[in-house]
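Source file: protein_28.txt. Holds: compact mmCIF, N, CA and C atoms and all ligand atoms.
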```txt
# COMPACT_ATOMS: atom_id res chain seq x y z
N MET A 1 0.85 -1.20 0.00
CA MET A 1 0.00 0.00 0.00
C MET A 1 0.88 1.24 0.00
N TYR A 2 0.60 2.13 -0.90
CA TYR A 2 1.35 3.37 -0.94
C TYR A 2 0.40 4.51 -1.26
N ASN A 3 0.87 5.73 -1.06
CA ASN A 3 0.04 6.89 -1.36
C ASN A 3 0.12 7.22 -2.85
N ILE A 4 -0.94 7.76 -3.36
CA ILE A 4 -0.91 8.18 -4.75
C ILE A 4 -1.27 9.66 -4.85
N ALA A 5 -0.98 10.22 -5.99
CA ALA A 5 -1.07 11.67 -6.17
C ALA A 5 -2.51 12.12 -6.41
N PHE A 6 -2.81 13.29 -5.86
CA PHE A 6 -4.13 13.91 -6.04
C PHE A 6 -3.92 15.38 -6.38
N VAL A 7 -4.61 15.83 -7.42
CA VAL A 7 -4.49 17.23 -7.84
C VAL A 7 -5.66 18.03 -7.29
N ASP A 8 -5.34 19.10 -6.60
CA ASP A 8 -6.36 20.05 -6.12
C ASP A 8 -6.64 21.04 -7.26
N ASP A 9 -7.80 20.90 -7.87
CA ASP A 9 -8.12 21.73 -9.03
C ASP A 9 -8.05 23.22 -8.73
N SER A 10 -8.35 23.58 -7.49
CA SER A 10 -8.38 25.01 -7.16
C SER A 10 -6.97 25.61 -7.15
N LYS A 11 -5.94 24.75 -7.07
CA LYS A 11 -4.56 25.24 -7.03
C LYS A 11 -3.81 25.01 -8.33
N CYS A 12 -4.26 24.07 -9.13
CA CYS A 12 -3.58 23.73 -10.40
C CYS A 12 -3.76 24.88 -11.39
N VAL A 13 -2.65 25.26 -12.04
CA VAL A 13 -2.70 26.37 -13.00
C VAL A 13 -2.42 25.87 -14.43
N ALA A 14 -2.87 24.68 -14.72
CA ALA A 14 -2.67 24.13 -16.06
C ALA A 14 -3.30 25.00 -17.13
N GLU A 15 -4.39 25.69 -16.78
CA GLU A 15 -5.04 26.55 -17.78
C GLU A 15 -4.14 27.73 -18.18
N LYS A 16 -3.10 27.97 -17.38
CA LYS A 16 -2.16 29.04 -17.73
C LYS A 16 -0.94 28.49 -18.46
N GLY A 17 -0.97 27.20 -18.75
CA GLY A 17 0.10 26.62 -19.54
C GLY A 17 1.04 25.71 -18.79
N CYS A 18 0.88 25.59 -17.46
CA CYS A 18 1.76 24.71 -16.70
C CYS A 18 1.51 23.25 -17.07
N ARG A 19 2.59 22.54 -17.31
CA ARG A 19 2.51 21.10 -17.61
C ARG A 19 3.61 20.35 -16.86
N LEU A 20 4.16 20.95 -15.81
CA LEU A 20 5.35 20.39 -15.18
C LEU A 20 5.15 18.95 -14.72
N CYS A 21 4.06 18.70 -14.01
CA CYS A 21 3.85 17.35 -13.50
C CYS A 21 3.68 16.35 -14.64
N ILE A 22 3.03 16.80 -15.70
CA ILE A 22 2.78 15.92 -16.85
C ILE A 22 4.11 15.58 -17.53
N MET A 23 5.00 16.57 -17.60
CA MET A 23 6.29 16.34 -18.26
C MET A 23 7.20 15.44 -17.42
N TYR A 24 7.15 15.59 -16.10
CA TYR A 24 8.12 14.91 -15.25
C TYR A 24 7.66 13.56 -14.71
N CYS A 25 6.40 13.27 -14.72
CA CYS A 25 5.94 11.98 -14.20
C CYS A 25 6.60 10.86 -15.01
N PRO A 26 7.28 9.93 -14.34
CA PRO A 26 8.00 8.87 -15.05
C PRO A 26 7.10 7.76 -15.58
N GLU A 27 5.86 7.73 -15.16
CA GLU A 27 4.95 6.68 -15.61
C GLU A 27 4.19 7.16 -16.84
N SER A 28 4.12 6.36 -17.87
CA SER A 28 3.43 6.78 -19.08
C SER A 28 1.92 6.84 -18.84
N ASP A 29 1.31 7.85 -19.42
CA ASP A 29 -0.14 7.99 -19.39
C ASP A 29 -0.70 7.94 -17.97
N CYS A 30 0.01 8.59 -17.05
CA CYS A 30 -0.37 8.54 -15.64
C CYS A 30 -0.99 9.86 -15.18
N ILE A 31 -0.34 10.95 -15.51
CA ILE A 31 -0.92 12.26 -15.16
C ILE A 31 -1.01 13.05 -16.46
N ASN A 32 -2.21 13.47 -16.77
CA ASN A 32 -2.50 14.08 -18.06
C ASN A 32 -3.33 15.33 -17.87
N LEU A 33 -3.43 16.09 -18.95
CA LEU A 33 -4.28 17.27 -18.92
C LEU A 33 -5.73 16.86 -19.19
N ASP A 34 -6.61 17.24 -18.28
CA ASP A 34 -8.04 17.09 -18.53
C ASP A 34 -8.46 18.31 -19.35
N ALA A 35 -8.70 18.11 -20.63
CA ALA A 35 -8.94 19.24 -21.53
C ALA A 35 -10.26 19.94 -21.24
N ASP A 36 -11.19 19.27 -20.61
CA ASP A 36 -12.45 19.93 -20.26
C ASP A 36 -12.25 20.88 -19.08
N LYS A 37 -11.60 20.37 -18.05
CA LYS A 37 -11.38 21.20 -16.86
C LYS A 37 -10.16 22.10 -17.01
N MET A 38 -9.25 21.73 -17.92
CA MET A 38 -7.95 22.39 -18.05
C MET A 38 -7.18 22.32 -16.73
N LYS A 39 -7.18 21.11 -16.16
CA LYS A 39 -6.43 20.82 -14.94
C LYS A 39 -5.70 19.50 -15.14
N ALA A 40 -4.59 19.32 -14.43
CA ALA A 40 -3.91 18.04 -14.46
C ALA A 40 -4.76 17.01 -13.73
N GLU A 41 -4.75 15.78 -14.24
CA GLU A 41 -5.54 14.73 -13.60
C GLU A 41 -4.76 13.43 -13.57
N VAL A 42 -4.78 12.79 -12.42
CA VAL A 42 -4.03 11.54 -12.23
C VAL A 42 -4.93 10.35 -12.54
N THR A 43 -4.41 9.43 -13.34
CA THR A 43 -5.09 8.15 -13.54
C THR A 43 -4.65 7.25 -12.38
N LEU A 44 -5.54 7.06 -11.43
CA LEU A 44 -5.16 6.49 -10.14
C LEU A 44 -4.43 5.16 -10.25
N HIS A 45 -4.90 4.26 -11.10
CA HIS A 45 -4.30 2.93 -11.12
C HIS A 45 -2.92 2.92 -11.78
N ARG A 46 -2.53 4.03 -12.40
CA ARG A 46 -1.21 4.07 -13.01
C ARG A 46 -0.17 4.75 -12.12
N CYS A 47 -0.62 5.49 -11.12
CA CYS A 47 0.31 6.22 -10.25
C CYS A 47 1.08 5.25 -9.37
N LYS A 48 2.43 5.42 -9.34
CA LYS A 48 3.29 4.54 -8.54
C LYS A 48 3.71 5.20 -7.23
N GLY A 49 3.21 6.40 -6.99
CA GLY A 49 3.49 7.05 -5.70
C GLY A 49 4.91 7.53 -5.52
N CYS A 50 5.56 7.94 -6.60
CA CYS A 50 6.97 8.29 -6.50
C CYS A 50 7.20 9.69 -5.93
N ASP A 51 6.17 10.51 -5.85
CA ASP A 51 6.28 11.87 -5.27
C ASP A 51 6.88 12.92 -6.20
N LEU A 52 7.34 12.53 -7.36
CA LEU A 52 8.04 13.50 -8.21
C LEU A 52 7.13 14.66 -8.61
N CYS A 53 5.88 14.38 -8.87
CA CYS A 53 4.97 15.46 -9.27
C CYS A 53 4.77 16.47 -8.13
N VAL A 54 4.80 15.98 -6.90
CA VAL A 54 4.68 16.89 -5.74
C VAL A 54 5.86 17.85 -5.72
N VAL A 55 7.04 17.31 -6.02
CA VAL A 55 8.26 18.13 -6.01
C VAL A 55 8.19 19.19 -7.10
N VAL A 56 7.82 18.80 -8.31
CA VAL A 56 7.84 19.78 -9.41
C VAL A 56 6.70 20.79 -9.29
N CYS A 57 5.69 20.48 -8.51
CA CYS A 57 4.58 21.42 -8.30
C CYS A 57 4.74 22.16 -6.98
N SER A 58 5.97 22.30 -6.53
CA SER A 58 6.19 22.91 -5.21
C SER A 58 5.80 24.38 -5.16
N THR A 59 5.78 25.04 -6.30
CA THR A 59 5.39 26.46 -6.31
C THR A 59 3.90 26.61 -6.04
N HIS A 60 3.11 25.81 -6.72
CA HIS A 60 1.66 25.94 -6.58
C HIS A 60 1.06 25.00 -5.55
N LYS A 61 1.82 24.00 -5.17
CA LYS A 61 1.38 23.04 -4.14
C LYS A 61 -0.01 22.47 -4.46
N ALA A 62 -0.21 22.14 -5.72
CA ALA A 62 -1.52 21.62 -6.14
C ALA A 62 -1.62 20.11 -5.96
N ILE A 63 -0.49 19.43 -5.74
CA ILE A 63 -0.51 17.97 -5.66
C ILE A 63 -0.11 17.51 -4.26
N THR A 64 -0.89 16.61 -3.73
CA THR A 64 -0.58 15.98 -2.44
C THR A 64 -0.78 14.48 -2.59
N MET A 65 -0.16 13.73 -1.67
CA MET A 65 -0.22 12.27 -1.75
C MET A 65 -1.21 11.74 -0.72
N HIS A 66 -2.00 10.76 -1.13
CA HIS A 66 -3.05 10.23 -0.26
C HIS A 66 -3.19 8.72 -0.46
N PRO A 67 -3.63 8.02 0.59
CA PRO A 67 -3.84 6.58 0.46
C PRO A 67 -5.12 6.27 -0.32
N VAL A 68 -5.19 5.05 -0.79
CA VAL A 68 -6.39 4.58 -1.49
C VAL A 68 -7.17 3.66 -0.56
N ASP A 69 -8.46 3.86 -0.51
CA ASP A 69 -9.33 3.02 0.32
C ASP A 69 -9.40 1.61 -0.29
N ASP A 70 -9.01 0.61 0.50
CA ASP A 70 -8.99 -0.76 0.00
C ASP A 70 -10.36 -1.24 -0.44
N VAL A 71 -11.39 -0.75 0.21
CA VAL A 71 -12.75 -1.22 -0.08
C VAL A 71 -13.32 -0.56 -1.33
N THR A 72 -13.24 0.77 -1.36
CA THR A 72 -13.87 1.49 -2.48
C THR A 72 -12.95 1.65 -3.68
N GLY A 73 -11.65 1.52 -3.46
CA GLY A 73 -10.70 1.75 -4.54
C GLY A 73 -10.53 3.21 -4.86
N LYS A 74 -11.13 4.06 -4.02
CA LYS A 74 -11.03 5.50 -4.27
C LYS A 74 -10.00 6.13 -3.36
N ILE A 75 -9.47 7.25 -3.82
CA ILE A 75 -8.46 7.94 -3.03
C ILE A 75 -9.11 8.61 -1.83
N LYS A 76 -8.40 8.56 -0.70
CA LYS A 76 -8.96 9.16 0.52
C LYS A 76 -8.31 10.53 0.74
N VAL A 77 -9.10 11.56 0.54
CA VAL A 77 -8.60 12.93 0.70
C VAL A 77 -9.41 13.60 1.78
N GLU A 78 -8.73 13.98 2.84
CA GLU A 78 -9.42 14.70 3.91
C GLU A 78 -9.74 16.10 3.43
N GLU A 79 -10.95 16.52 3.68
CA GLU A 79 -11.34 17.88 3.31
C GLU A 79 -10.95 18.82 4.44
N LYS A 80 -9.74 19.28 4.39
CA LYS A 80 -9.37 20.22 5.44
C LYS A 80 -8.87 21.52 4.83
N GLU A 81 -9.34 22.58 5.40
CA GLU A 81 -8.96 23.90 4.92
C GLU A 81 -7.59 24.25 5.48
N THR A 82 -6.75 24.78 4.66
CA THR A 82 -5.46 25.24 5.15
C THR A 82 -5.41 26.76 4.99
N ALA A 83 -4.73 27.37 5.91
CA ALA A 83 -4.66 28.83 5.89
C ALA A 83 -3.96 29.30 4.62
N VAL A 84 -4.52 30.30 4.00
CA VAL A 84 -3.92 30.85 2.80
C VAL A 84 -2.88 31.88 3.21
N GLN A 85 -1.68 31.67 2.73
CA GLN A 85 -0.61 32.59 3.09
C GLN A 85 -0.50 33.68 2.04
N SER A 86 -0.33 34.89 2.52
CA SER A 86 -0.22 36.00 1.57
C SER A 86 1.24 36.25 1.22
S1 LIG B 101 2.64 21.04 -11.94
FE1 LIG B 101 0.96 21.60 -10.52
S2 LIG B 101 0.12 23.50 -11.34
FE2 LIG B 101 1.33 22.56 -12.97
S3 LIG B 101 -0.14 21.33 -14.17
FE3 LIG B 101 0.76 19.98 -12.60
S4 LIG B 101 -0.67 20.08 -10.84
FE4 LIG B 101 -1.11 21.82 -12.19
S1 LIG B 102 3.43 10.25 -7.78
FE1 LIG B 102 4.89 9.74 -9.44
S2 LIG B 102 3.79 8.23 -10.68
FE2 LIG B 102 2.24 9.27 -9.44
S3 LIG B 102 1.48 10.96 -10.74
FE3 LIG B 102 3.14 11.76 -9.43
S4 LIG B 102 5.00 11.61 -10.69
FE4 LIG B 102 3.42 10.26 -11.60
```
Taking this structure as input, can you express it in the form of structure tokens?
Ligand code: SF4
Ligand code: SF4
Amino acid sequence: MYNIAFVDDSKCVAEKGCRLCIMYCPESDCINLDADKMKAEVTLHRCKGCDLCVVVCSTHKAITMHPVDDVTGKIKVEEKETAVQS
């Protein structure tokens, strides 16, 4: 069991042209641009949990790592608000 990547759409700036995570993810067809939302999106079953996308998105902090629920197969993301730093 390992954590996999989750993109927070409210922080991802793919619509402004950022593709860093997509370029650097070592797994093929794992993190791609969702052309409808214009946000990066992780294909959960392809993510190997290497953390590289978190590192390359350190400016925008749009990606965090989370465990997958064994029962539902869905990623477990706590809905917690973090203070916005100015
Ligand atoms: S590196 Fe971050 S901001 Fe850029 S496309 Fe990926 S998730 Fe979005
Ligand atoms: S954790 Fe690694 S394998 Fe998963 S999306 Fe990020 S860079 Fe790709």
Dump the neighbourhood of ligand LIG 101 (chain B) as a PDB file with N, CA and C atoms, keeping the file's coordinate frame: all residues within 6 Å, distances computed on only N, CA and C atoms and all ligand atoms.
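For reference, result27.pdb as written:
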```
ATOM      1  N   VAL A   7      -4.610  15.830  -7.420  1.00  0.00           N
ATOM      2  CA  VAL A   7      -4.490  17.230  -7.840  1.00  0.00           C
ATOM      3  C   VAL A   7      -5.660  18.030  -7.290  1.00  0.00           C
ATOM      4  N   LYS A  11      -5.940  24.750  -7.070  1.00  0.00           N
ATOM      5  CA  LYS A  11      -4.560  25.240  -7.030  1.00  0.00           C
ATOM      6  C   LYS A  11      -3.810  25.010  -8.330  1.00  0.00           C
ATOM      7  N   CYS A  12      -4.260  24.070  -9.130  1.00  0.00           N
ATOM      8  CA  CYS A  12      -3.580  23.730 -10.400  1.00  0.00           C
ATOM      9  C   CYS A  12      -3.760  24.880 -11.390  1.00  0.00           C
ATOM     10  N   VAL A  13      -2.650  25.260 -12.040  1.00  0.00           N
ATOM     11  CA  VAL A  13      -2.700  26.370 -13.000  1.00  0.00           C
ATOM     12  C   VAL A  13      -2.420  25.870 -14.430  1.00  0.00           C
ATOM     13  N   ALA A  14      -2.870  24.680 -14.720  1.00  0.00           N
ATOM     14  CA  ALA A  14      -2.670  24.130 -16.060  1.00  0.00           C
ATOM     15  C   ALA A  14      -3.300  25.000 -17.130  1.00  0.00           C
ATOM     16  N   CYS A  18       0.880  25.590 -17.460  1.00  0.00           N
ATOM     17  CA  CYS A  18       1.760  24.710 -16.700  1.00  0.00           C
ATOM     18  C   CYS A  18       1.510  23.250 -17.070  1.00  0.00           C
ATOM     19  N   ARG A  19       2.590  22.540 -17.310  1.00  0.00           N
ATOM     20  CA  ARG A  19       2.510  21.100 -17.610  1.00  0.00           C
ATOM     21  C   ARG A  19       3.610  20.350 -16.860  1.00  0.00           C
ATOM     22  N   LEU A  20       4.160  20.950 -15.810  1.00  0.00           N
ATOM     23  CA  LEU A  20       5.350  20.390 -15.180  1.00  0.00           C
ATOM     24  C   LEU A  20       5.150  18.950 -14.720  1.00  0.00           C
ATOM     25  N   CYS A  21       4.060  18.700 -14.010  1.00  0.00           N
ATOM     26  CA  CYS A  21       3.850  17.350 -13.500  1.00  0.00           C
ATOM     27  C   CYS A  21       3.680  16.350 -14.640  1.00  0.00           C
ATOM     28  N   ILE A  22       3.030  16.800 -15.700  1.00  0.00           N
ATOM     29  CA  ILE A  22       2.780  15.920 -16.850  1.00  0.00           C
ATOM     30  C   ILE A  22       4.110  15.580 -17.530  1.00  0.00           C
ATOM     31  N   LYS A  39      -7.180  21.110 -16.160  1.00  0.00           N
ATOM     32  CA  LYS A  39      -6.430  20.820 -14.940  1.00  0.00           C
ATOM     33  C   LYS A  39      -5.700  19.500 -15.140  1.00  0.00           C
ATOM     34  N   ALA A  40      -4.590  19.320 -14.430  1.00  0.00           N
ATOM     35  CA  ALA A  40      -3.910  18.040 -14.460  1.00  0.00           C
ATOM     36  C   ALA A  40      -4.760  17.010 -13.730  1.00  0.00           C
ATOM     37  N   VAL A  56       7.820  18.800  -8.310  1.00  0.00           N
ATOM     38  CA  VAL A  56       7.840  19.780  -9.410  1.00  0.00           C
ATOM     39  C   VAL A  56       6.700  20.790  -9.290  1.00  0.00           C
ATOM     40  N   CYS A  57       5.690  20.480  -8.510  1.00  0.00           N
ATOM     41  CA  CYS A  57       4.580  21.420  -8.300  1.00  0.00           C
ATOM     42  C   CYS A  57       4.740  22.160  -6.980  1.00  0.00           C
ATOM     43  N   HIS A  60       3.110  25.810  -6.720  1.00  0.00           N
ATOM     44  CA  HIS A  60       1.660  25.940  -6.580  1.00  0.00           C
ATOM     45  C   HIS A  60       1.060  25.000  -5.550  1.00  0.00           C
ATOM     46  N   LYS A  61       1.820  24.000  -5.170  1.00  0.00           N
ATOM     47  CA  LYS A  61       1.380  23.040  -4.140  1.00  0.00           C
ATOM     48  C   LYS A  61      -0.010  22.470  -4.460  1.00  0.00           C
ATOM     49  N   ALA A  62      -0.210  22.140  -5.720  1.00  0.00           N
ATOM     50  CA  ALA A  62      -1.520  21.620  -6.140  1.00  0.00           C
ATOM     51  C   ALA A  62      -1.620  20.110  -5.960  1.00  0.00           C
ATOM     52  N   ILE A  63      -0.490  19.430  -5.740  1.00  0.00           N
ATOM     53  CA  ILE A  63      -0.510  17.970  -5.660  1.00  0.00           C
ATOM     54  C   ILE A  63      -0.110  17.510  -4.260  1.00  0.00           C
TER      55      ILE A  63
END
```
Select the residues contacting ligand LIG 102 (chain B) at a distance of at most 8 Å, based on all atoms listed in the file, then format the selection as a PyMOL selection string. chain A and resi 3-6+21-22+24-32+41-44+46-55+64-65
Would you mind reading off the distance between atom N of A:Tyr2 and atom CA of A:Val68, one decimal, in Å?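 Distance between the two atoms: 7.4 Å.
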Work out how far atom N of A:Pro67 is from atom CA of A:Glu15, in Å to one decimal. 26.1 Å
Interatomic distance between atom CA of A:Thr72 and atom CA of A:Met23? 29.6 Å
From a DSSP pass on the backbone, collect the residues of chain A flagged as helix (DSSP H, G or I) and hand them back as number ranges by chain. A: 14-16, 20-24, 44-46, 52-56
